[in-house]
file my_file-v3.txt (compact mmCIF, C-alpha atoms and all ligand atoms)
# COMPACT_ATOMS: atom_id res chain seq x y z
CA MET A 248 -69.27 85.52 164.20
CA ARG A 249 -71.63 88.41 164.67
CA GLU A 250 -73.48 89.11 167.93
CA SER A 251 -76.52 89.90 165.75
CA GLU A 252 -76.68 86.22 164.75
CA GLY A 253 -77.17 85.36 168.40
CA MET A 254 -73.78 83.65 168.65
CA THR A 255 -70.73 84.62 170.62
CA GLU A 256 -67.03 84.49 169.85
CA ALA A 257 -66.77 81.59 172.30
CA PHE A 258 -69.14 79.22 170.46
CA ASN A 259 -67.10 76.09 169.71
CA PRO A 260 -68.80 72.70 170.03
CA PHE A 261 -65.52 71.01 169.07
CA THR A 262 -63.56 72.32 172.03
CA LEU A 263 -61.58 69.85 174.14
CA SER A 264 -60.99 72.37 176.89
CA GLY A 265 -60.80 70.70 180.31
CA LYS A 266 -60.64 67.20 178.80
CA LYS A 267 -57.84 64.74 179.56
CA ILE A 268 -57.03 62.67 176.53
CA ILE A 269 -54.63 59.75 176.09
CA VAL A 270 -53.10 59.38 172.62
CA THR A 271 -51.17 56.19 171.89
CA GLY A 272 -48.56 56.02 169.14
CA ALA A 273 -47.88 59.68 169.92
CA SER A 274 -44.21 59.51 168.90
CA SER A 275 -45.00 59.59 165.20
CA GLY A 276 -47.40 60.13 162.30
CA ILE A 277 -51.12 60.37 163.03
CA GLY A 278 -50.71 59.94 166.81
CA ARG A 279 -48.22 62.80 166.95
CA GLN A 280 -50.50 65.11 164.95
CA CYS A 281 -53.52 64.07 166.97
CA ALA A 282 -51.72 64.89 170.23
CA ILE A 283 -50.64 68.30 168.95
CA ASP A 284 -54.08 69.21 167.60
CA CYS A 285 -55.88 67.98 170.75
CA SER A 286 -53.64 70.29 172.78
CA LYS A 287 -54.50 73.17 170.41
CA MET A 288 -58.18 72.43 171.12
CA GLY A 289 -57.53 72.84 174.85
CA ALA A 290 -57.01 69.25 176.05
CA THR A 291 -54.48 68.00 178.55
CA VAL A 292 -52.77 65.27 176.55
CA ILE A 293 -51.10 62.11 177.83
CA LEU A 294 -48.65 60.90 175.19
CA LEU A 295 -48.05 57.18 175.15
CA ALA A 296 -45.53 55.29 172.98
CA ARG A 297 -42.28 53.34 173.17
CA ASN A 298 -39.75 55.89 171.96
CA GLU A 299 -39.13 58.58 174.59
CA GLU A 300 -36.93 60.77 172.42
CA ARG A 301 -39.49 60.98 169.62
CA MET A 302 -42.27 61.56 172.16
CA ARG A 303 -40.29 64.47 173.61
CA GLU A 304 -40.21 65.89 170.08
CA THR A 305 -44.03 65.64 169.98
CA PHE A 306 -44.20 67.13 173.49
CA SER A 307 -42.20 70.18 172.36
CA HIS A 308 -44.97 71.01 169.85
CA LEU A 309 -47.85 70.84 172.36
CA TYR A 310 -49.82 73.93 173.35
CA GLY A 311 -50.70 74.60 177.00
CA SER A 312 -49.40 72.85 180.09
CA ASP A 313 -49.86 69.77 182.30
CA HIS A 314 -49.30 67.30 179.44
CA GLN A 315 -47.69 63.97 180.32
CA ILE A 316 -45.37 61.47 178.69
CA ILE A 317 -45.65 57.74 179.39
CA VAL A 318 -43.10 55.39 177.83
CA ALA A 319 -44.66 51.98 177.28
CA ASP A 320 -44.81 49.02 174.96
CA LEU A 321 -48.54 48.37 174.72
CA THR A 322 -48.03 44.68 174.01
CA VAL A 323 -46.82 44.25 177.60
CA PHE A 324 -50.41 43.78 178.69
CA ASP A 325 -49.70 43.09 182.37
CA ALA A 326 -48.27 46.59 182.77
CA ILE A 327 -51.41 48.36 181.48
CA PRO A 328 -53.41 48.55 184.78
CA SER A 329 -50.58 50.16 186.77
CA MET A 330 -49.80 52.49 183.87
CA VAL A 331 -53.42 53.73 183.76
CA GLU A 332 -53.38 54.11 187.55
CA THR A 333 -50.28 56.32 187.26
CA ILE A 334 -51.94 58.46 184.58
CA VAL A 335 -55.11 58.94 186.64
CA SER A 336 -53.11 59.77 189.78
CA ARG A 337 -51.26 62.48 187.80
CA VAL A 338 -54.08 64.15 185.83
CA GLY A 339 -57.36 62.79 187.24
CA LYS A 340 -60.05 60.80 185.44
CA ILE A 341 -59.74 60.44 181.68
CA ASP A 342 -62.22 61.86 179.12
CA GLY A 343 -60.82 60.47 175.89
CA LEU A 344 -58.56 57.80 174.42
CA VAL A 345 -57.28 57.63 170.85
CA ASN A 346 -55.73 54.27 170.02
CA CYS A 347 -53.29 55.21 167.24
CA ALA A 348 -50.48 52.74 167.96
CA GLY A 349 -50.28 50.19 165.20
CA ILE A 350 -48.20 48.40 162.60
CA SER A 351 -48.79 47.71 158.92
CA THR A 352 -47.60 45.34 156.22
CA THR A 353 -48.26 44.13 152.69
CA LEU A 354 -48.07 40.35 152.90
CA PRO A 355 -49.34 37.68 150.48
CA LEU A 356 -51.15 34.71 152.01
CA LYS A 357 -48.31 32.30 151.17
CA LEU A 358 -46.04 34.26 153.57
CA MET A 359 -48.56 34.47 156.39
CA THR A 360 -47.69 32.51 159.52
CA THR A 361 -49.36 32.17 162.87
CA THR A 362 -46.41 34.09 164.34
CA LYS A 363 -47.22 37.02 162.02
CA LEU A 364 -50.93 36.79 162.82
CA ASP A 365 -50.10 36.84 166.50
CA GLU A 366 -47.74 39.82 166.19
CA PHE A 367 -50.28 41.89 164.25
CA PHE A 368 -53.25 41.04 166.44
CA ARG A 369 -51.26 41.70 169.62
CA THR A 370 -50.21 45.17 168.46
CA ASN A 371 -53.23 46.34 166.46
CA VAL A 372 -56.10 44.73 168.37
CA TYR A 373 -55.22 43.25 171.77
CA SER A 374 -53.31 46.34 172.95
CA ALA A 375 -56.17 48.70 172.00
CA VAL A 376 -58.73 46.41 173.65
CA GLU A 377 -56.66 45.93 176.83
CA LEU A 378 -55.99 49.65 177.18
CA SER A 379 -59.63 50.55 176.50
CA LYS A 380 -60.77 47.95 179.05
CA GLU A 381 -58.66 49.58 181.74
CA VAL A 382 -59.29 53.21 180.80
CA SER A 383 -63.08 52.74 180.56
CA LYS A 384 -63.39 51.52 184.18
CA LYS A 385 -65.56 53.75 186.39
CA LYS A 386 -62.58 54.69 188.55
CA ASN A 387 -60.57 55.80 185.50
CA MET A 388 -62.96 57.43 183.01
CA ASN A 389 -65.51 60.21 183.37
CA GLU A 390 -69.09 59.64 182.28
CA GLY A 391 -69.45 60.87 178.69
CA GLY A 392 -65.94 59.70 177.76
CA SER A 393 -64.99 58.90 174.19
CA ILE A 394 -62.79 56.07 172.90
CA VAL A 395 -61.52 56.09 169.32
CA PHE A 396 -59.89 53.18 167.47
CA LEU A 397 -57.73 53.89 164.44
CA SER A 398 -59.05 51.40 161.92
CA SER A 399 -58.41 51.74 158.16
CA VAL A 400 -60.17 51.61 154.81
CA MET A 401 -58.52 48.17 154.67
CA GLY A 402 -61.05 47.12 157.31
CA VAL A 403 -63.89 47.81 154.85
CA VAL A 404 -62.47 47.13 151.37
CA GLY A 405 -59.74 44.82 150.09
CA GLU A 406 -56.38 45.19 148.36
CA SER A 407 -53.96 42.46 147.34
CA GLY A 408 -51.58 41.65 150.21
CA LYS A 409 -53.63 43.51 152.81
CA SER A 410 -55.48 40.56 154.39
CA LEU A 411 -53.44 40.46 157.59
CA TYR A 412 -53.53 44.21 158.21
CA GLY A 413 -57.19 44.37 157.10
CA MET A 414 -58.22 41.58 159.48
CA THR A 415 -56.88 43.51 162.45
CA LYS A 416 -58.61 46.70 161.33
CA GLY A 417 -61.91 44.89 160.70
CA ALA A 418 -61.73 43.50 164.23
CA LEU A 419 -61.63 47.03 165.63
CA LEU A 420 -64.73 48.01 163.62
CA SER A 421 -66.65 45.08 165.09
CA ALA A 422 -65.36 45.77 168.59
CA ALA A 423 -66.49 49.41 168.47
CA ARG A 424 -70.08 48.49 167.54
CA SER A 425 -70.63 46.08 170.44
CA LEU A 426 -68.66 48.14 172.95
CA ALA A 427 -70.87 51.11 172.03
CA CYS A 428 -73.87 49.00 173.16
CA GLU A 429 -72.13 47.82 176.32
CA PHE A 430 -71.08 51.29 177.50
CA ALA A 431 -74.05 53.43 176.42
CA LYS A 432 -75.47 53.40 179.98
CA ARG A 433 -72.46 55.38 181.15
CA ARG A 434 -72.61 57.48 177.97
CA ILE A 435 -69.13 56.28 177.06
CA ARG A 436 -68.85 56.22 173.27
CA PHE A 437 -66.74 53.94 171.08
CA ASN A 438 -66.06 54.90 167.45
CA CYS A 439 -63.53 54.21 164.70
CA VAL A 440 -61.74 56.50 162.30
CA SER A 441 -60.73 54.77 159.06
CA PRO A 442 -58.14 56.65 157.05
CA GLY A 443 -57.13 56.06 153.46
CA ALA A 444 -53.43 56.42 152.63
CA ILE A 445 -51.56 59.01 154.67
CA LEU A 446 -47.81 59.23 154.19
CA THR A 447 -46.28 58.49 157.61
CA PRO A 448 -43.44 56.27 158.89
CA ILE A 449 -45.86 53.30 158.99
CA ASN A 450 -45.94 53.00 155.20
CA GLU A 451 -42.98 54.97 153.87
CA HIS A 452 -41.10 51.71 153.13
CA LEU A 453 -44.07 49.72 151.81
CA PRO A 454 -44.17 48.87 148.06
CA HIS A 455 -47.12 51.15 147.27
CA MET A 456 -45.19 54.18 148.55
CA ILE A 457 -41.65 53.50 147.29
CA ASP A 458 -42.43 52.20 143.78
CA PRO A 459 -43.26 55.34 141.71
CA GLU A 460 -45.76 53.53 139.48
CA LYS A 461 -47.60 51.93 142.42
CA ARG A 462 -47.52 55.24 144.28
CA GLN A 463 -49.15 57.01 141.34
CA GLN A 464 -51.83 54.32 141.10
CA LEU A 465 -52.52 54.71 144.80
CA GLU A 466 -52.74 58.48 144.52
CA GLU A 467 -55.20 58.16 141.64
CA LYS A 468 -57.44 55.88 143.71
CA HIS A 469 -57.81 58.72 146.22
CA LEU A 470 -60.04 61.29 144.46
CA LEU A 471 -58.54 64.09 146.55
CA GLY A 472 -54.97 62.72 146.55
CA LEU A 473 -53.17 61.26 149.57
CA GLY A 474 -54.15 62.56 152.98
CA SER A 475 -52.16 64.24 155.73
CA PRO A 476 -52.06 63.39 159.45
CA GLU A 477 -54.15 66.46 160.34
CA ASP A 478 -57.03 65.20 158.15
CA VAL A 479 -57.25 62.24 160.53
CA ALA A 480 -56.55 64.26 163.68
CA TYR A 481 -59.53 66.55 162.92
CA ALA A 482 -61.83 63.52 162.66
CA CYS A 483 -60.55 62.29 166.04
CA ILE A 484 -61.15 65.73 167.56
CA TYR A 485 -64.77 65.62 166.40
CA LEU A 486 -65.27 62.18 167.98
CA LEU A 487 -63.59 63.25 171.23
CA SER A 488 -65.57 66.48 171.51
CA GLY A 489 -69.09 67.20 172.72
CA ALA A 490 -70.05 67.85 169.08
CA SER A 491 -70.33 64.07 168.59
CA LYS A 492 -72.14 63.32 171.87
CA TRP A 493 -74.88 61.41 169.97
CA VAL A 494 -72.48 59.40 167.79
CA THR A 495 -71.43 55.95 168.92
CA GLY A 496 -70.49 52.60 167.36
CA GLN A 497 -69.70 54.32 164.05
CA ASN A 498 -66.88 54.24 161.52
CA LEU A 499 -65.84 57.66 160.25
CA ILE A 500 -64.09 57.07 156.91
CA VAL A 501 -61.53 59.77 156.10
CA ASP A 502 -60.09 58.70 152.77
CA GLY A 503 -60.16 61.46 150.16
CA GLY A 504 -62.80 59.48 148.27
CA TYR A 505 -60.93 56.15 148.10
CA THR A 506 -64.00 54.06 148.93
CA VAL A 507 -66.70 55.97 147.01
CA ARG A 508 -66.19 54.14 143.70
P1 LIG A 601 -46.70 55.47 162.55
O1 LIG A 601 -45.83 54.30 162.31
O2 LIG A 601 -46.19 56.82 162.20
O3 LIG A 601 -47.20 55.49 164.04
C1 LIG A 601 -47.52 54.30 164.73
C2 LIG A 601 -47.12 54.48 166.15
O4 LIG A 601 -47.48 53.32 166.89
C3 LIG A 601 -45.61 54.68 166.35
O5 LIG A 601 -45.43 55.76 167.22
C4 LIG A 601 -45.17 53.38 166.97
O6 LIG A 601 -44.05 53.51 167.80
C5 LIG A 601 -46.43 53.04 167.78
N1 LIG A 601 -46.44 51.64 168.20
C6 LIG A 601 -46.37 50.54 167.41
N2 LIG A 601 -46.36 49.44 168.18
C7 LIG A 601 -46.42 49.86 169.46
C8 LIG A 601 -46.44 49.20 170.72
N3 LIG A 601 -46.36 47.87 170.82
N4 LIG A 601 -46.51 49.95 171.84
C9 LIG A 601 -46.57 51.28 171.78
N5 LIG A 601 -46.57 51.98 170.62
C10 LIG A 601 -46.49 51.26 169.49
O7 LIG A 601 -48.06 55.19 161.75
P2 LIG A 601 -49.37 56.09 161.50
O8 LIG A 601 -49.55 56.19 160.05
O9 LIG A 601 -49.33 57.31 162.33
O10 LIG A 601 -50.49 55.09 162.03
C11 LIG A 601 -51.31 55.36 163.15
C12 LIG A 601 -52.52 54.45 163.07
O11 LIG A 601 -53.29 54.78 161.91
C13 LIG A 601 -52.17 52.97 162.95
O12 LIG A 601 -53.04 52.21 163.74
C14 LIG A 601 -52.41 52.68 161.47
O13 LIG A 601 -52.73 51.34 161.24
C15 LIG A 601 -53.57 53.62 161.18
N6 LIG A 601 -53.69 53.94 159.76
C16 LIG A 601 -52.67 54.57 159.10
C17 LIG A 601 -52.80 54.83 157.73
C18 LIG A 601 -51.73 55.50 156.95
O14 LIG A 601 -51.84 55.52 155.70
N7 LIG A 601 -50.71 56.07 157.57
C19 LIG A 601 -53.98 54.45 157.07
C20 LIG A 601 -54.98 53.82 157.78
C21 LIG A 601 -54.83 53.56 159.13
call {"tool": "encode", "arguments": {"input": "my_file-v3.txt", "output": "structure tokens", "more": "lines below"}}
Ligand code: NAD
result
Amino acid sequence: MRESEGMTEAFNPFTLSGKKIIVTGASSGIGRQCAIDCSKMGATVILLARNEERMRETFSHLYGSDHQIIVADLTVFDAIPSMVETIVSRVGKIDGLVNCAGISTTLPLKLMTTTKLDEFFRTNVYSAVELSKEVSKKKNMNEGGSIVFLSSVMGVVGESGKSLYGMTKGALLSAARSLACEFAKRRIRFNCVSPGAILTPINEHLPHMIDPEKRQQLEEKHLLGLGSPEDVAYACIYLLSGASKWVTGQNLIVDGGYTVR
């Protein structure tokens, strides 16, 4: 940028410098990329997932210092308050939370059971809600904090076999809208990012990725082809940064054009 334009080299409304950001599901895929890119934008990142070895791999790619690793299964809800207390005692109050942890499936209705419903809602919805409830408390989160849920295009449109997964993602979209109303007084923002298909461990064994014909059909539905984890990470960075300080209760669809037709 040129000084003559009245801007300085330092102008960057998307910076995360000085912010402390928790990223769940940080051992893999979108969560891993999000953690790495948040650290590149200046954040102190708290990685949270179940697999310590794979989180250490993520950790080795982080920029800067003071980052933390927390090993936790987010469906052990009773452990969440003490875990958040530990995080805050180590790094101070939190500025951002990206709820990436999740599971996916392609499951026809005839195979759906209440056990399956329970498993998917516990992992994809209850854990994100429980963690957000704890993190957003006054003692744990700074005013102006930002909470992001990883929803999916399956929360807004349908595909055969995606009802279970889509239900959980739709629940997050609804949650973000009302939580945005509830927390506006403290200027804490809730938003969703809804990706189209990104090749990560979550879907590498699902039929639409392993069957070449189905894979091609899926690619063709995305006008810009399949996405990459950084496409989603950049959307999260926007929602975590001051650049989005007037954006709350929204769903940012990042899908290479999947939903435009
Ligand atoms: P991924 O499988 O690579 O990552 C998911 C992470 O969640 C893993 O690290 C896993 O260990 C963690 N996790 C699962 N259950 C957990 C639990 N109980 N406690 C702690 N951690 C747990 O998948 P991804 O593609 O990176 O997905 C990240 C998020 O993005 C998910 O919520 C997913 O639904 C969503 N999403 C992904 C796509 C895609 O095409 N990849 C599309 C739309 C939405």
call {"tool": "residues_around", "arguments": {"input": "my_file-v3.txt", "residues": "segment 320-328 of chain A", "least_positions_apart": "2", "cutoff": "8 Å", "atoms": "only C-alpha atoms", "output": "MDAnalysis selection string"}}
result
chainID A and resid 296:297 318 330:332 369:370 373:374 377:378 381
call {"tool": "axis_aligned_box", "arguments": {"input": "my_file-v3.txt", "around": "ligand LIG 601 (chain A)", "padding_each_side": "6 Å", "output": "lines of an AutoDock Vina configuration file"}}
result
center_x = -49.5
center_y = 52.6
center_z = 163.8
size_x = 22.9
size_y = 21.4
size_z = 28.1
call {"tool": "residues_near_ligand", "arguments": {"input": "my_file-v3.txt", "ligand": "ligand LIG 601 (chain A)", "cutoff": "6 Å", "atoms": "only C-alpha atoms and all ligand atoms", "output": "PyMOL selection string"}}
result
chain A and resi 272-278+296-297+319-322+347-351+370+397-399+441-449
call {"tool": "residues_around", "arguments": {"input": "my_file-v3.txt", "residues": "Ile317 of chain A", "least_positions_apart": "3", "cutoff": "8 Å", "atoms": "all atoms listed in the file", "output": "PyMOL selection string"}}
result
chain A and resi 293-296
call {"tool": "closest_residue", "arguments": {"input": "my_file-v3.txt", "among": "A:Lys287, A:Arg462, A:Arg424, A:Lys380", "to": "Ala480 of chain A", "atoms": "only C-alpha atoms"}}
result
A:Lys287
call {"tool": "closest_residue", "arguments": {"input": "my_file-v3.txt", "among": "A:Arg436, A:Lys461, A:His308, A:His314", "to": "Val292 of chain A", "atoms": "all atoms listed in the file"}}
result
A:His314
call {"tool": "residues_near_point", "arguments": {"input": "my_file-v3.txt", "point": "(-51.8, 62.5, 160.3)", "cutoff": "6 Å", "atoms": "all atoms listed in the file", "output": "JSON, numbers by chain"}}
result
{"A": [276, 277, 280, 475, 476, 477, 479]}
call {"tool": "write_last_selection", "arguments": {"input": "my_file-v3.txt", "atoms": "C-alpha atoms", "output": "compact mmCIF listing (two decimals), in the coordinates of the input"}}
result
# COMPACT_ATOMS: atom_id res chain seq x y z
CA GLY A 276 -47.40 60.13 162.30
CA ILE A 277 -51.12 60.37 163.03
CA GLN A 280 -50.50 65.11 164.95
CA SER A 475 -52.16 64.24 155.73
CA PRO A 476 -52.06 63.39 159.45
CA GLU A 477 -54.15 66.46 160.34
CA VAL A 479 -57.25 62.24 160.53
call {"tool": "atom_distance", "arguments": {"input": "my_file-v3.txt", "atom1": "atom CA of Ser488 of chain A", "atom2": "atom CA of Cys285 of chain A"}}
result
9.8 Å
call {"tool": "atom_distance", "arguments": {"input": "my_file-v3.txt", "atom1": "atom CA of Lys409 of chain A", "atom2": "atom CA of Thr360 of chain A"}}
result
14.2 Å
call {"tool": "atom_distance", "arguments": {"input": "my_file-v3.txt", "atom1": "atom CA of Leu344 of chain A", "atom2": "atom CA of Leu473 of chain A"}}
result
25.7 Å
call {"tool": "closest_residue", "arguments": {"input": "my_file-v3.txt", "among": "A:Cys281, A:Val376, A:Leu470, A:Ile484", "to": "Ala422 of chain A", "atoms": "all atoms listed in the file"}}
result
A:Val376
call {"tool": "closest_residue", "arguments": {"input": "my_file-v3.txt", "among": "A:Glu256, A:Glu429, A:Glu467, A:Glu390", "to": "Lys492 of chain A", "atoms": "only C-alpha atoms"}}
result
A:Glu390
call {"tool": "closest_residue", "arguments": {"input": "my_file-v3.txt", "among": "A:Ser379, A:Ser393, A:Ser421, A:Asn450", "to": "Gly489 of chain A", "atoms": "all atoms listed in the file"}}
result
A:Ser393
call {"tool": "residues_near_point", "arguments": {"input": "my_file-v3.txt", "point": "(-63.6, 54.0, 186.4)", "cutoff": "12 Å", "atoms": "all atoms listed in the file", "output": "PyMOL selection string"}}
result
chain A and resi 328+331-332+335+339-342+379-392+430+433+435
call {"tool": "closest_residue", "arguments": {"input": "my_file-v3.txt", "among": "A:Pro454, A:Gly413, A:Gly402, A:Gly408", "to": "Asn498 of chain A", "atoms": "only C-alpha atoms"}}
result
A:Gly402
call {"tool": "residues_around", "arguments": {"input": "my_file-v3.txt", "residues": "Cys428 of chain A", "least_positions_apart": "3", "cutoff": "9 Å", "atoms": "all atoms listed in the file", "output": "ChimeraX atom specification"}}
result
/A:423-425,431-432,436-437,495-496
